[in-house]
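S.K.: Compact mmCIF, C-alpha atoms (C1' of nucleotides), file entry_2.txt:
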# COMPACT_ATOMS: atom_id res chain seq x y z
CA MET A 1 -33.19 -13.01 99.87
CA ASN A 2 -32.72 -15.39 96.99
CA LEU A 3 -31.79 -18.99 97.41
CA ARG A 4 -28.73 -18.12 95.37
CA GLU A 5 -27.69 -15.37 97.72
CA ARG A 6 -28.41 -17.49 100.76
CA LYS A 7 -26.28 -20.29 99.42
CA LYS A 8 -23.52 -17.89 98.58
CA GLU A 9 -23.57 -16.50 102.08
CA ALA A 10 -23.65 -20.02 103.49
CA THR A 11 -20.51 -21.12 101.67
CA ARG A 12 -18.85 -17.86 102.64
CA GLN A 13 -19.62 -18.61 106.27
CA ALA A 14 -18.53 -22.21 105.92
CA LEU A 15 -15.23 -21.13 104.41
CA SER A 16 -14.35 -18.55 107.04
CA ARG A 17 -15.50 -20.87 109.83
CA ALA A 18 -13.38 -23.68 108.48
CA ALA A 19 -10.43 -21.34 108.03
CA VAL A 20 -10.67 -20.10 111.60
CA ASP A 21 -11.08 -23.55 113.10
CA LEU A 22 -8.16 -25.00 111.20
CA ALA A 23 -5.97 -22.01 112.00
CA LEU A 24 -6.80 -22.24 115.69
CA GLU A 25 -6.02 -25.92 115.74
CA HIS A 26 -2.86 -26.13 113.66
CA GLY A 27 -1.60 -22.57 113.69
CA PRO A 28 -2.15 -20.08 110.90
CA GLU A 29 1.02 -21.04 109.04
CA ASN A 30 0.12 -24.70 108.84
CA VAL A 31 -3.13 -24.33 106.98
CA ARG A 32 -3.29 -24.58 103.20
CA VAL A 33 -6.05 -23.30 101.00
CA GLU A 34 -6.64 -26.87 99.96
CA ASP A 35 -7.43 -27.85 103.56
CA ILE A 36 -9.85 -24.98 104.08
CA ALA A 37 -11.70 -25.72 100.86
CA ALA A 38 -11.92 -29.39 101.72
CA ALA A 39 -13.22 -28.65 105.22
CA ALA A 40 -15.88 -26.36 103.74
CA GLY A 41 -16.81 -28.88 101.08
CA VAL A 42 -15.89 -26.85 98.01
CA SER A 43 -13.12 -26.91 95.48
CA PRO A 44 -9.93 -24.94 96.10
CA ARG A 45 -10.73 -22.84 93.07
CA THR A 46 -14.04 -21.79 94.58
CA TYR A 47 -12.25 -20.63 97.67
CA ASN A 48 -10.50 -17.97 95.65
CA ASN A 49 -13.79 -16.79 94.27
CA TYR A 50 -14.69 -15.73 97.79
CA PHE A 51 -11.41 -14.72 99.38
CA SER A 52 -8.35 -13.41 97.62
CA SER A 53 -5.97 -14.62 100.28
CA ARG A 54 -5.70 -17.21 102.99
CA GLU A 55 -5.71 -14.55 105.70
CA ALA A 56 -8.83 -12.84 104.42
CA ALA A 57 -11.02 -15.82 105.23
CA ILE A 58 -9.82 -15.92 108.82
CA CYS A 59 -10.29 -12.19 109.35
CA ALA A 60 -13.74 -12.19 107.78
CA ILE A 61 -15.41 -13.15 111.06
CA PRO A 62 -14.05 -10.40 113.33
CA VAL A 63 -14.43 -7.89 110.49
CA ALA A 64 -18.10 -8.77 110.23
CA ARG A 65 -18.47 -8.41 113.99
CA ASN A 66 -16.96 -4.94 113.96
CA ARG A 67 -19.42 -3.91 111.31
CA GLU A 68 -22.12 -4.21 113.96
CA LEU A 69 -20.71 -1.23 115.83
CA GLY A 70 -22.78 1.22 113.80
CA GLU A 71 -26.00 -0.39 114.98
CA ARG A 72 -24.78 -0.33 118.52
CA LEU A 73 -24.06 3.37 118.45
CA ARG A 74 -27.51 4.07 117.00
CA ALA A 75 -28.99 2.13 119.91
CA ARG A 76 -27.55 4.59 122.41
CA PRO A 77 -30.00 7.23 123.73
CA PRO A 78 -29.86 10.36 121.57
CA GLN A 79 -29.38 12.77 124.45
CA GLU A 80 -26.24 10.93 125.56
CA PRO A 81 -23.04 12.86 124.84
CA LEU A 82 -21.24 11.57 121.75
CA ALA A 83 -18.08 10.59 123.58
CA GLU A 84 -19.95 8.59 126.19
CA ALA A 85 -22.16 6.95 123.59
CA CYS A 86 -19.14 5.84 121.57
CA VAL A 87 -17.24 4.48 124.55
CA ARG A 88 -20.25 2.56 125.82
CA ALA A 89 -21.12 1.21 122.42
CA VAL A 90 -17.64 -0.19 121.91
CA LEU A 91 -17.37 -1.52 125.45
CA GLU A 92 -20.76 -3.25 125.26
CA HIS A 93 -19.79 -4.72 121.94
CA HIS A 94 -16.65 -6.30 123.34
CA ALA A 95 -18.24 -7.30 126.63
CA GLU A 96 -20.71 -9.46 124.76
CA GLN A 97 -18.11 -11.24 122.71
CA GLY A 98 -17.60 -14.81 123.79
CA SER A 99 -14.28 -16.45 124.48
CA PRO A 100 -14.08 -18.08 121.05
CA ASP A 101 -14.00 -14.61 119.52
CA TRP A 102 -11.16 -13.64 121.82
CA ARG A 103 -9.20 -16.68 120.83
CA ILE A 104 -9.52 -15.53 117.24
CA MET A 105 -8.46 -11.98 118.05
CA ARG A 106 -5.53 -13.26 120.03
CA MET A 107 -4.40 -15.36 117.11
CA ILE A 108 -4.77 -12.44 114.70
CA PHE A 109 -2.79 -10.08 116.90
CA CYS A 110 0.01 -12.59 117.34
CA ASP A 111 0.47 -13.46 113.68
CA ARG A 112 2.04 -10.77 111.56
CA GLY A 113 0.33 -11.78 108.35
CA LEU A 114 -3.10 -12.01 109.91
CA HIS A 115 -2.65 -8.75 111.73
CA GLY A 116 -1.76 -7.04 108.47
CA GLU A 117 -4.81 -8.43 106.75
CA PHE A 118 -6.94 -7.32 109.67
CA LEU A 119 -5.61 -3.76 109.46
CA LYS A 120 -6.10 -3.79 105.72
CA SER A 121 -9.83 -4.26 106.21
CA HIS A 122 -10.04 -1.33 108.59
CA LYS A 123 -11.91 0.78 106.08
CA ALA A 124 -14.63 -1.75 105.35
CA MET A 125 -14.73 -2.56 109.05
CA SER A 126 -15.38 0.94 110.33
CA GLN A 127 -17.64 2.18 107.55
CA PRO A 128 -20.93 1.48 109.37
CA LEU A 129 -19.63 3.21 112.49
CA VAL A 130 -18.53 6.18 110.41
CA GLU A 131 -22.02 6.54 109.01
CA ALA A 132 -23.64 6.22 112.42
CA ILE A 133 -21.36 8.92 113.83
CA ALA A 134 -21.98 11.17 110.86
CA GLU A 135 -25.73 10.78 111.24
CA ARG A 136 -25.62 11.50 114.94
CA CYS A 137 -23.60 14.66 114.31
CA GLY A 138 -25.47 15.75 111.22
CA LEU A 139 -22.29 15.66 109.15
CA ASP A 140 -21.45 14.42 105.67
CA PRO A 141 -18.45 12.05 105.87
CA GLU A 142 -17.39 13.09 102.38
CA ARG A 143 -17.14 16.73 103.35
CA ASP A 144 -15.97 16.43 106.96
CA MET A 145 -13.23 14.04 108.02
CA PHE A 146 -14.40 14.04 111.63
CA PRO A 147 -16.64 10.94 111.54
CA THR A 148 -13.98 8.89 109.80
CA LEU A 149 -11.32 10.16 112.15
CA LEU A 150 -13.35 9.46 115.28
CA ALA A 151 -14.18 5.94 114.15
CA ALA A 152 -10.54 5.30 113.34
CA SER A 153 -9.46 6.68 116.72
CA LEU A 154 -11.81 4.33 118.53
CA GLY A 155 -10.42 1.47 116.49
CA THR A 156 -6.91 2.55 117.36
CA ALA A 157 -7.76 2.63 121.06
CA VAL A 158 -9.14 -0.90 120.91
CA ARG A 159 -6.17 -2.14 118.94
CA ILE A 160 -3.50 -0.58 121.16
CA ALA A 161 -5.27 -1.54 124.36
CA THR A 162 -5.62 -5.13 123.20
CA GLN A 163 -2.01 -5.29 122.11
CA HIS A 164 -0.78 -3.75 125.33
CA TRP A 165 -2.87 -6.15 127.32
CA LEU A 166 -1.62 -9.16 125.38
CA GLU A 167 2.01 -8.17 125.76
CA HIS A 168 2.24 -6.59 129.19
CA GLU A 169 -0.92 -6.96 131.26
CA GLN A 170 -2.36 -10.34 130.46
CA HIS A 171 -0.31 -12.15 133.09
CA THR A 172 -1.19 -9.64 135.81
CA GLY A 173 -4.76 -10.88 135.84
CA ARG A 174 -6.19 -7.52 134.89
CA PRO A 175 -9.35 -8.02 132.82
CA LEU A 176 -9.03 -7.08 129.17
CA LEU A 177 -12.15 -4.98 129.46
CA ASP A 178 -10.38 -2.73 131.95
CA ALA A 179 -7.59 -2.10 129.49
CA LEU A 180 -10.13 -1.41 126.76
CA ARG A 181 -11.93 1.10 128.94
CA GLU A 182 -8.68 2.87 129.72
CA GLY A 183 -7.75 3.11 126.05
CA LEU A 184 -11.20 4.32 125.05
CA LEU A 185 -11.26 6.99 127.76
CA HIS A 186 -7.96 8.29 126.45
CA VAL A 187 -9.38 8.92 122.99
CA ALA A 188 -12.85 9.96 124.14
CA PRO A 189 -11.89 13.67 124.10
CA VAL A 190 -11.64 13.41 120.31
CA ALA A 191 -15.40 12.99 120.29
CA SER A 192 -16.07 15.83 122.70
CA ALA A 193 -15.02 18.37 120.07
CA HIS A 194 -18.18 17.93 118.04
CA ASP A 195 -20.37 17.39 121.04
CA HIS A 196 -22.53 20.48 121.27
CA ARG A 197 -24.61 19.52 124.28
CA MET B 1 30.34 1.20 111.27
CA ASN B 2 31.97 -1.74 109.58
CA LEU B 3 32.50 -1.98 105.90
CA ARG B 4 30.28 -5.02 106.05
CA GLU B 5 27.44 -3.14 107.66
CA ARG B 6 27.81 -0.20 105.33
CA LYS B 7 27.64 -2.45 102.30
CA LYS B 8 24.60 -4.18 103.72
CA GLU B 9 22.86 -0.88 104.26
CA ALA B 10 23.84 0.23 100.76
CA THR B 11 22.25 -2.76 99.06
CA ARG B 12 19.20 -2.34 101.26
CA GLN B 13 18.88 1.24 100.08
CA ALA B 14 19.53 0.26 96.48
CA LEU B 15 16.82 -2.39 96.67
CA SER B 16 14.11 -0.19 98.15
CA ARG B 17 15.06 2.69 95.84
CA ALA B 18 14.84 0.42 92.82
CA ALA B 19 11.56 -1.03 94.05
CA VAL B 20 10.02 2.41 94.51
CA ASP B 21 11.23 3.72 91.17
CA LEU B 22 9.98 0.71 89.26
CA ALA B 23 6.65 0.76 91.07
CA LEU B 24 6.16 4.46 90.37
CA GLU B 25 6.95 3.95 86.72
CA HIS B 26 5.06 0.76 85.89
CA GLY B 27 2.57 0.50 88.71
CA PRO B 28 3.03 -1.67 91.79
CA GLU B 29 1.36 -4.70 90.22
CA ASN B 30 3.66 -4.77 87.23
CA VAL B 31 6.92 -5.13 89.09
CA ARG B 32 8.45 -8.52 89.76
CA VAL B 33 11.12 -9.17 92.33
CA GLU B 34 13.31 -10.28 89.46
CA ASP B 35 13.16 -6.75 88.04
CA ILE B 36 13.89 -5.11 91.36
CA ALA B 37 16.86 -7.35 92.00
CA ALA B 38 18.20 -6.72 88.52
CA ALA B 39 17.82 -2.96 88.91
CA ALA B 40 19.69 -3.10 92.20
CA GLY B 41 22.43 -5.27 90.72
CA VAL B 42 21.81 -8.23 92.95
CA SER B 43 20.44 -11.74 92.59
CA PRO B 44 16.72 -12.36 93.15
CA ARG B 45 17.60 -14.68 96.01
CA THR B 46 19.48 -11.91 97.78
CA TYR B 47 16.43 -9.71 97.55
CA ASN B 48 14.57 -12.10 99.80
CA ASN B 49 17.39 -11.96 102.31
CA TYR B 50 16.49 -8.32 102.84
CA PHE B 51 12.76 -8.13 102.28
CA SER B 52 10.25 -10.88 102.80
CA SER B 53 7.78 -9.47 100.32
CA ARG B 54 7.67 -7.25 97.30
CA GLU B 55 5.65 -4.64 99.15
CA ALA B 56 8.06 -4.44 102.06
CA ALA B 57 10.82 -3.01 99.90
CA ILE B 58 8.60 -0.22 98.64
CA CYS B 59 7.32 0.69 102.09
CA ALA B 60 10.80 0.66 103.62
CA ILE B 61 11.46 4.26 102.60
CA PRO B 62 8.42 5.96 104.17
CA VAL B 63 8.72 3.69 107.20
CA ALA B 64 12.28 4.87 107.72
CA ARG B 65 11.14 8.48 107.37
CA ASN B 66 8.48 8.05 110.03
CA ARG B 67 11.09 6.69 112.38
CA GLU B 68 12.57 10.20 112.47
CA LEU B 69 9.53 11.51 114.33
CA GLY B 70 11.01 10.63 117.70
CA GLU B 71 13.98 12.90 117.08
CA ARG B 72 11.70 15.67 115.96
CA LEU B 73 9.63 15.55 119.13
CA ARG B 74 12.77 15.65 121.25
CA ALA B 75 13.78 18.77 119.36
CA ARG B 76 10.72 20.64 120.58
CA PRO B 77 11.28 23.00 123.55
CA PRO B 78 10.67 21.15 126.82
CA GLN B 79 8.29 23.74 128.24
CA GLU B 80 5.97 23.38 125.25
CA PRO B 81 2.73 21.54 126.08
CA LEU B 82 2.81 17.92 124.94
CA ALA B 83 -0.12 18.27 122.55
CA GLU B 84 1.35 21.28 120.82
CA ALA B 85 4.79 19.69 120.63
CA CYS B 86 3.37 16.56 119.00
CA VAL B 87 1.27 18.43 116.47
CA ARG B 88 4.14 20.70 115.48
CA ALA B 89 6.63 17.86 115.27
CA VAL B 90 4.41 15.90 112.91
CA LEU B 91 3.48 18.95 110.83
CA GLU B 92 7.10 20.02 110.47
CA HIS B 93 8.04 16.51 109.49
CA HIS B 94 5.52 16.43 106.67
CA ALA B 95 6.12 20.01 105.61
CA GLU B 96 9.72 19.16 104.87
CA GLN B 97 8.93 16.14 102.78
CA GLY B 98 9.57 16.68 99.11
CA SER B 99 7.18 15.89 96.32
CA PRO B 100 8.86 12.54 95.51
CA ASP B 101 7.91 11.34 98.98
CA TRP B 102 4.32 12.37 98.39
CA ARG B 103 4.21 10.46 95.16
CA ILE B 104 5.26 7.39 97.11
CA MET B 105 2.66 7.93 99.81
CA ARG B 106 0.00 8.48 97.21
CA MET B 107 0.90 5.22 95.53
CA ILE B 108 0.89 3.36 98.84
CA PHE B 109 -2.51 4.72 99.84
CA CYS B 110 -4.04 3.83 96.50
CA ASP B 111 -2.81 0.25 96.32
CA ARG B 112 -4.48 -2.15 98.70
CA GLY B 113 -1.51 -4.46 99.05
CA LEU B 114 0.96 -1.66 99.68
CA HIS B 115 -1.37 0.01 102.11
CA GLY B 116 -1.67 -3.21 104.06
CA GLU B 117 2.07 -3.65 104.22
CA PHE B 118 2.42 -0.06 105.33
CA LEU B 119 -0.06 -0.54 108.17
CA LYS B 120 1.66 -3.77 109.11
CA SER B 121 4.84 -1.83 109.86
CA HIS B 122 3.02 0.60 112.09
CA LYS B 123 4.63 -0.80 115.20
CA ALA B 124 8.21 -0.54 113.99
CA MET B 125 7.35 2.83 112.49
CA SER B 126 6.04 4.47 115.63
CA GLN B 127 8.42 2.92 118.13
CA PRO B 128 10.87 5.86 118.26
CA LEU B 129 8.00 8.30 118.72
CA VAL B 130 6.59 6.14 121.50
CA GLU B 131 9.89 6.29 123.32
CA ALA B 132 10.20 10.03 122.87
CA ILE B 133 6.70 10.58 124.25
CA ALA B 134 7.36 8.24 127.15
CA GLU B 135 10.56 10.06 128.00
CA ARG B 136 8.89 13.45 127.83
CA CYS B 137 6.14 12.28 130.16
CA GLY B 138 8.35 10.25 132.46
CA LEU B 139 6.40 7.08 131.72
CA ASP B 140 7.39 3.49 131.04
CA PRO B 141 5.73 2.32 127.80
CA GLU B 142 5.62 -1.22 129.12
CA ARG B 143 3.59 -0.21 132.15
CA ASP B 144 1.46 2.59 130.72
CA MET B 145 -0.26 2.32 127.34
CA PHE B 146 -0.51 6.08 127.00
CA PRO B 147 2.67 6.71 124.95
CA THR B 148 1.85 3.92 122.52
CA LEU B 149 -1.73 5.09 122.27
CA LEU B 150 -0.82 8.71 121.66
CA ALA B 151 1.70 7.81 118.97
CA ALA B 152 -0.86 5.56 117.30
CA SER B 153 -3.50 8.30 117.47
CA LEU B 154 -1.18 10.76 115.76
CA GLY B 155 -0.49 8.17 113.09
CA THR B 156 -4.21 7.61 112.67
CA ALA B 157 -4.81 11.33 112.26
CA VAL B 158 -2.17 11.54 109.54
CA ARG B 159 -3.52 8.47 107.81
CA ILE B 160 -7.16 9.52 107.82
CA ALA B 161 -6.40 13.11 106.88
CA THR B 162 -4.26 11.96 103.97
CA GLN B 163 -6.88 9.49 102.81
CA HIS B 164 -9.65 12.03 103.11
CA TRP B 165 -7.61 14.56 101.20
CA LEU B 166 -6.78 12.10 98.43
CA GLU B 167 -10.39 11.04 98.01
CA HIS B 168 -12.41 14.17 98.63
CA GLU B 169 -10.31 17.31 98.94
CA GLN B 170 -7.44 16.97 96.51
CA HIS B 171 -9.39 18.43 93.59
CA THR B 172 -10.59 21.41 95.62
CA GLY B 173 -7.07 22.80 95.70
CA ARG B 174 -6.86 22.72 99.48
CA PRO B 175 -3.26 22.06 100.55
CA LEU B 176 -2.66 18.66 102.09
CA LEU B 177 -0.94 20.31 105.03
CA ASP B 178 -4.22 22.00 105.93
CA ALA B 179 -5.98 18.68 106.08
CA LEU B 180 -3.15 17.23 108.16
CA ARG B 181 -3.39 20.12 110.61
CA GLU B 182 -7.13 19.62 110.93
CA GLY B 183 -6.74 15.91 111.63
CA LEU B 184 -3.95 16.45 114.14
CA LEU B 185 -5.91 19.12 116.00
CA HIS B 186 -8.79 16.67 116.34
CA VAL B 187 -6.64 14.12 118.16
CA ALA B 188 -4.51 16.63 120.05
CA PRO B 189 -6.81 16.43 123.12
CA VAL B 190 -5.60 12.87 123.61
CA ALA B 191 -2.23 14.32 124.54
CA SER B 192 -3.64 16.96 126.85
CA ALA B 193 -4.63 14.30 129.37
CA HIS B 194 -1.05 13.68 130.49
CA ASP B 195 0.00 17.27 130.12
CA HIS B 196 0.67 18.49 133.64
CA ARG B 197 1.78 22.02 132.86
C1' DG C 1 50.96 -10.85 104.67
C1' DC C 2 48.82 -15.10 105.21
C1' DT C 3 45.51 -18.04 107.26
C1' DT C 4 41.16 -19.01 109.21
C1' DA C 5 36.64 -18.12 110.77
C1' DA C 6 32.38 -15.57 110.02
C1' DA C 7 29.13 -13.54 107.15
C1' DA C 8 26.92 -12.39 102.85
C1' DT C 9 25.63 -13.70 98.07
C1' DT C 10 24.10 -16.94 94.88
C1' DG C 11 21.91 -20.93 92.20
C1' DC C 12 18.84 -24.65 92.61
C1' DG C 13 14.63 -26.68 93.75
C1' DC C 14 10.22 -27.28 96.00
C1' DG C 15 5.53 -26.34 97.61
C1' DC C 16 2.14 -23.06 97.57
C1' DT C 17 -0.57 -19.19 95.87
C1' DG C 18 -3.70 -16.33 92.97
C1' DC C 19 -5.96 -16.11 88.89
C1' DG C 20 -7.48 -16.42 83.84
C1' DC C 21 -9.97 -19.50 80.96
C1' DA C 22 -13.38 -22.63 79.43
C1' DG C 23 -16.58 -26.25 80.45
C1' DT C 24 -20.17 -27.99 83.60
C1' DT C 25 -23.75 -27.59 86.99
C1' DT C 26 -27.21 -25.01 89.53
C1' DT C 27 -30.59 -21.33 90.07
C1' DT C 28 -33.75 -17.92 88.19
C1' DC C 29 -37.06 -16.07 85.03
C1' DT C 30 -40.79 -16.38 81.65
C1' DA D 1 -40.33 -26.79 80.29
C1' DG D 2 -36.81 -24.15 78.24
C1' DA D 3 -33.60 -20.37 77.98
C1' DA D 4 -30.62 -17.10 80.34
C1' DA D 5 -27.79 -15.93 84.22
C1' DA D 6 -24.89 -17.05 87.77
C1' DA D 7 -21.95 -20.06 90.44
C1' DC D 8 -18.71 -24.07 90.74
C1' DT D 9 -14.95 -26.65 89.02
C1' DG D 10 -10.57 -28.55 86.76
C1' DC D 11 -6.59 -27.23 84.33
C1' DG D 12 -2.59 -24.72 83.71
C1' DC D 13 0.66 -21.05 84.37
C1' DA D 14 3.60 -17.41 86.22
C1' DG D 15 5.29 -15.79 90.37
C1' DC D 16 6.59 -15.91 95.22
C1' DG D 17 8.98 -17.23 99.62
C1' DC D 18 12.26 -19.93 101.47
C1' DG D 19 15.38 -23.95 102.85
C1' DC D 20 19.74 -25.82 101.55
C1' DA D 21 24.39 -26.11 100.18
C1' DA D 22 28.11 -24.09 97.57
C1' DT D 23 30.74 -19.95 96.62
C1' DT D 24 32.53 -15.42 97.33
C1' DT D 25 33.51 -11.51 100.28
C1' DT D 26 34.87 -9.40 104.71
C1' DA D 27 36.87 -9.43 109.44
C1' DA D 28 40.04 -11.09 112.82
C1' DG D 29 44.28 -13.61 114.69
C1' DC D 30 49.04 -14.72 114.38
Turn this file's structure into structure tokens for me.
M.R.:
Amino acid sequence: MNLRERKKEATRQALSRAAVDLALEHGPENVRVEDIAAAAGVSPRTYNNYFSSREAAICAIPVARNRELGERLRARPPQEPLAEACVRAVLEHHAEQGSPDWRIMRMIFCDRGLHGEFLKSHKAMSQPLVEAIAERCGLDPERDMFPTLLAASLGTAVRIATQHWLEHEQHTGRPLLDALREGLLHVAPVASAHDHR
Amino acid sequence: MNLRERKKEATRQALSRAAVDLALEHGPENVRVEDIAAAAGVSPRTYNNYFSSREAAICAIPVARNRELGERLRARPPQEPLAEACVRAVLEHHAEQGSPDWRIMRMIFCDRGLHGEFLKSHKAMSQPLVEAIAERCGLDPERDMFPTLLAASLGTAVRIATQHWLEHEQHTGRPLLDALREGLLHVAPVASAHDHR
DNA sequence: GCTTAAAATTGCGCGCTGCGCAGTTTTTCT
DNA sequence: AGAAAAACTGCGCAGCGCGCAATTTTAAGC
């Protein structure tokens, strides 16, 4: 990796980190591009060379995390049924996320603008998982919609479970992971269709 | 309904209609709120009393359409299995949409900003369907995430199938409804879980 | 019908955003 | 070292979202 590319990635990280920190501290609405750029040590103009909107910088971190899901599915034993492999991969992924990540997700889910930006990146976010599913099933995602649909369904389960937990279950003391498991088990049958084992 | 409320609804309709027409004609990026307001015979300031963003006005029409899905599910015979009722309700709904509606959906799916706004309204869009599902199953959506999750899964199936069709199948001559049916059948098993018949 | 309160529309103004452009600085390649 | 490529920056502009206060339209009471 070039020095140029490393630097580019570094400023990208610095920008999204700064954006997240400032948003967590002052609330997403009270953060201007100028502040983020200053905190990351670059000019406001440079900020817009990396992110086209204020929300995009904040969402960049969780989006990047979700792009690790493909690797996690590939790490599951090959003889494991597809549905089980998917559920475990997603659950493991979220179990290993620290509390700072959850604070970010909470903020994103509670702010309408951030939530929209997060959903907007769904495609880029799930692409690695789509490819991992396709490979495991021996399918071509361009010919068969199944891998894309399964990945999207898993994402939907996580999203709805998280939302439901935030709005109705959080105060009951039930762990978020329980809600996630419930949601994932509901959509698991989608995977069973192409599971010829 | 008051005269006041009727007038309010009329301008709302006029605004979203004008927004859609202008966007279809000149492309979503080449429409300013000033133009929309002028086309609807209202001041630009009034526009922002109804819609908080340019995209919201365009998406208002399909969002309103999707809010009819609840009614359509209720219209299904009660003895019909939940999964089948859901699939048929959604398929009927889309089968009856005219080509102008599909032009709108196509535009929304192709424009990143519009697509984001559309996803952002998912909650408001699926709420009636959530309630219809909950009623049919005798569940409370605030206690059980299943109705919300099923409604979201159906929405995901429609979204992915449409996207897949637009990007990979459109040119093959396969009807969109076929792709929709395929997607819906994939997620139908989600419904079977709570189908005690 | 006339008056009064409530609600909707409008014009004005402000801060912020996203981006094109052109000039400067930094990195890469030979 | 020197030239080419890429990234950063300052400037400026058009557009947006919205608060505020004034005006017009609608609903309600007598």
S.K.: Tell me the residues of chain D close to chain A, meaning within 9 Å using only C-alpha atoms (C1' of nucleotides), as an NGL selection string.
M.R.: :D and (6-10)
S.K.: Residues of chain A that approach chain C to 8 Å or less, counting all atoms listed in the file: could you list each one with the shortest pair of atoms and its distance in Å to one decimal, rows by chain and increasing residue number, as a tab-separated table?
M.R.:
residue	atom	partner	partner_atom	distance
A:Leu3	CA	C:DT27	C1'	7.8
A:Arg4	CA	C:DT27	C1'	6.5
A:Arg32	CA	C:DC16	C1'	8.0
A:Asn48	CA	C:DG18	C1'	7.5
A:Ser52	CA	C:DG18	C1'	7.2
A:Ser53	CA	C:DG18	C1'	7.8
S.K.: I'd like a table as JSON lines: residues in chain B with an atom no more than 8 Å from chain A, each row giving the shortest atom pair and its distance in Å to one decimal, all atoms listed in the file counted, sorted by chain and rising residue number.
M.R.:
{"residue": "B:Arg112", "atom": "CA", "partner": "A:Lys120", "partner_atom": "CA", "distance": 7.4}
{"residue": "B:His115", "atom": "CA", "partner": "A:Lys120", "partner_atom": "CA", "distance": 7.1}
{"residue": "B:Gly116", "atom": "CA", "partner": "A:Lys120", "partner_atom": "CA", "distance": 4.8}
{"residue": "B:Glu117", "atom": "CA", "partner": "A:Gly116", "partner_atom": "CA", "distance": 6.7}
{"residue": "B:Leu119", "atom": "CA", "partner": "A:Leu119", "partner_atom": "CA", "distance": 6.5}
{"residue": "B:Lys120", "atom": "CA", "partner": "A:Gly116", "partner_atom": "CA", "distance": 4.8}
{"residue": "B:Glu142", "atom": "CA", "partner": "A:His168", "partner_atom": "CA", "distance": 6.3}
{"residue": "B:Arg143", "atom": "CA", "partner": "A:His168", "partner_atom": "CA", "distance": 7.2}
{"residue": "B:Met145", "atom": "CA", "partner": "A:His164", "partner_atom": "CA", "distance": 6.4}
{"residue": "B:Phe146", "atom": "CA", "partner": "A:His186", "partner_atom": "CA", "distance": 7.8}
{"residue": "B:Thr148", "atom": "CA", "partner": "A:Ile160", "partner_atom": "CA", "distance": 7.1}
{"residue": "B:Leu149", "atom": "CA", "partner": "A:Ile160", "partner_atom": "CA", "distance": 6.0}
{"residue": "B:Ala152", "atom": "CA", "partner": "A:Thr156", "partner_atom": "CA", "distance": 6.8}
{"residue": "B:Ser153", "atom": "CA", "partner": "A:Ser153", "partner_atom": "CA", "distance": 6.2}
{"residue": "B:Thr156", "atom": "CA", "partner": "A:Ser153", "partner_atom": "CA", "distance": 6.7}
{"residue": "B:Ala157", "atom": "CA", "partner": "A:Leu149", "partner_atom": "CA", "distance": 6.6}
{"residue": "B:Ile160", "atom": "CA", "partner": "A:Leu149", "partner_atom": "CA", "distance": 6.0}
{"residue": "B:Ala161", "atom": "CA", "partner": "A:Met145", "partner_atom": "CA", "distance": 7.0}
{"residue": "B:His164", "atom": "CA", "partner": "A:Met145", "partner_atom": "CA", "distance": 6.4}
{"residue": "B:His168", "atom": "CA", "partner": "A:Glu142", "partner_atom": "CA", "distance": 6.3}
{"residue": "B:Gly183", "atom": "CA", "partner": "A:Leu149", "partner_atom": "CA", "distance": 7.4}
{"residue": "B:His186", "atom": "CA", "partner": "A:Val190", "partner_atom": "CA", "distance": 5.9}
{"residue": "B:Val187", "atom": "CA", "partner": "A:Val190", "partner_atom": "CA", "distance": 5.5}
{"residue": "B:Ala188", "atom": "CA", "partner": "A:Val190", "partner_atom": "CA", "distance": 7.8}
{"residue": "B:Pro189", "atom": "CA", "partner": "A:Pro189", "partner_atom": "CA", "distance": 5.9}
{"residue": "B:Val190", "atom": "CA", "partner": "A:Val187", "partner_atom": "CA", "distance": 5.5}
{"residue": "B:Ala193", "atom": "CA", "partner": "A:His186", "partner_atom": "CA", "distance": 7.5}
S.K.: So how many Å separate atom CA of Ala95 of chain B and atom CA of Met107 of chain B, to one decimal?
M.R.: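 Spanning atom CA of Ala95 of chain B to atom CA of Met107 of chain B is a straight-line distance of 18.6 Å.
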S.K.: Quick one: distance from atom CA of Ala23 of chain B to atom CA of Arg65 of chain B in Å, one decimal?
M.R.: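 A separation of 18.6 Å between them.
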S.K.: What's the 9 Å shell around segment 129-135 of chain B, counting all atoms listed in the file, without same-chain residues fewer than 3 positions away, as a ChimeraX atom specification?
M.R.: /B:66-74,82,86,125-126,138-141,144,146-152
S.K.: Do you have the atom CA of Thr162 of chain A-atom CA of Leu180 of chain A distance handy?
M.R.: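 Taking atom CA of Thr162 of chain A as the start and atom CA of Leu180 of chain A as the end point, the length is 6.8 Å.
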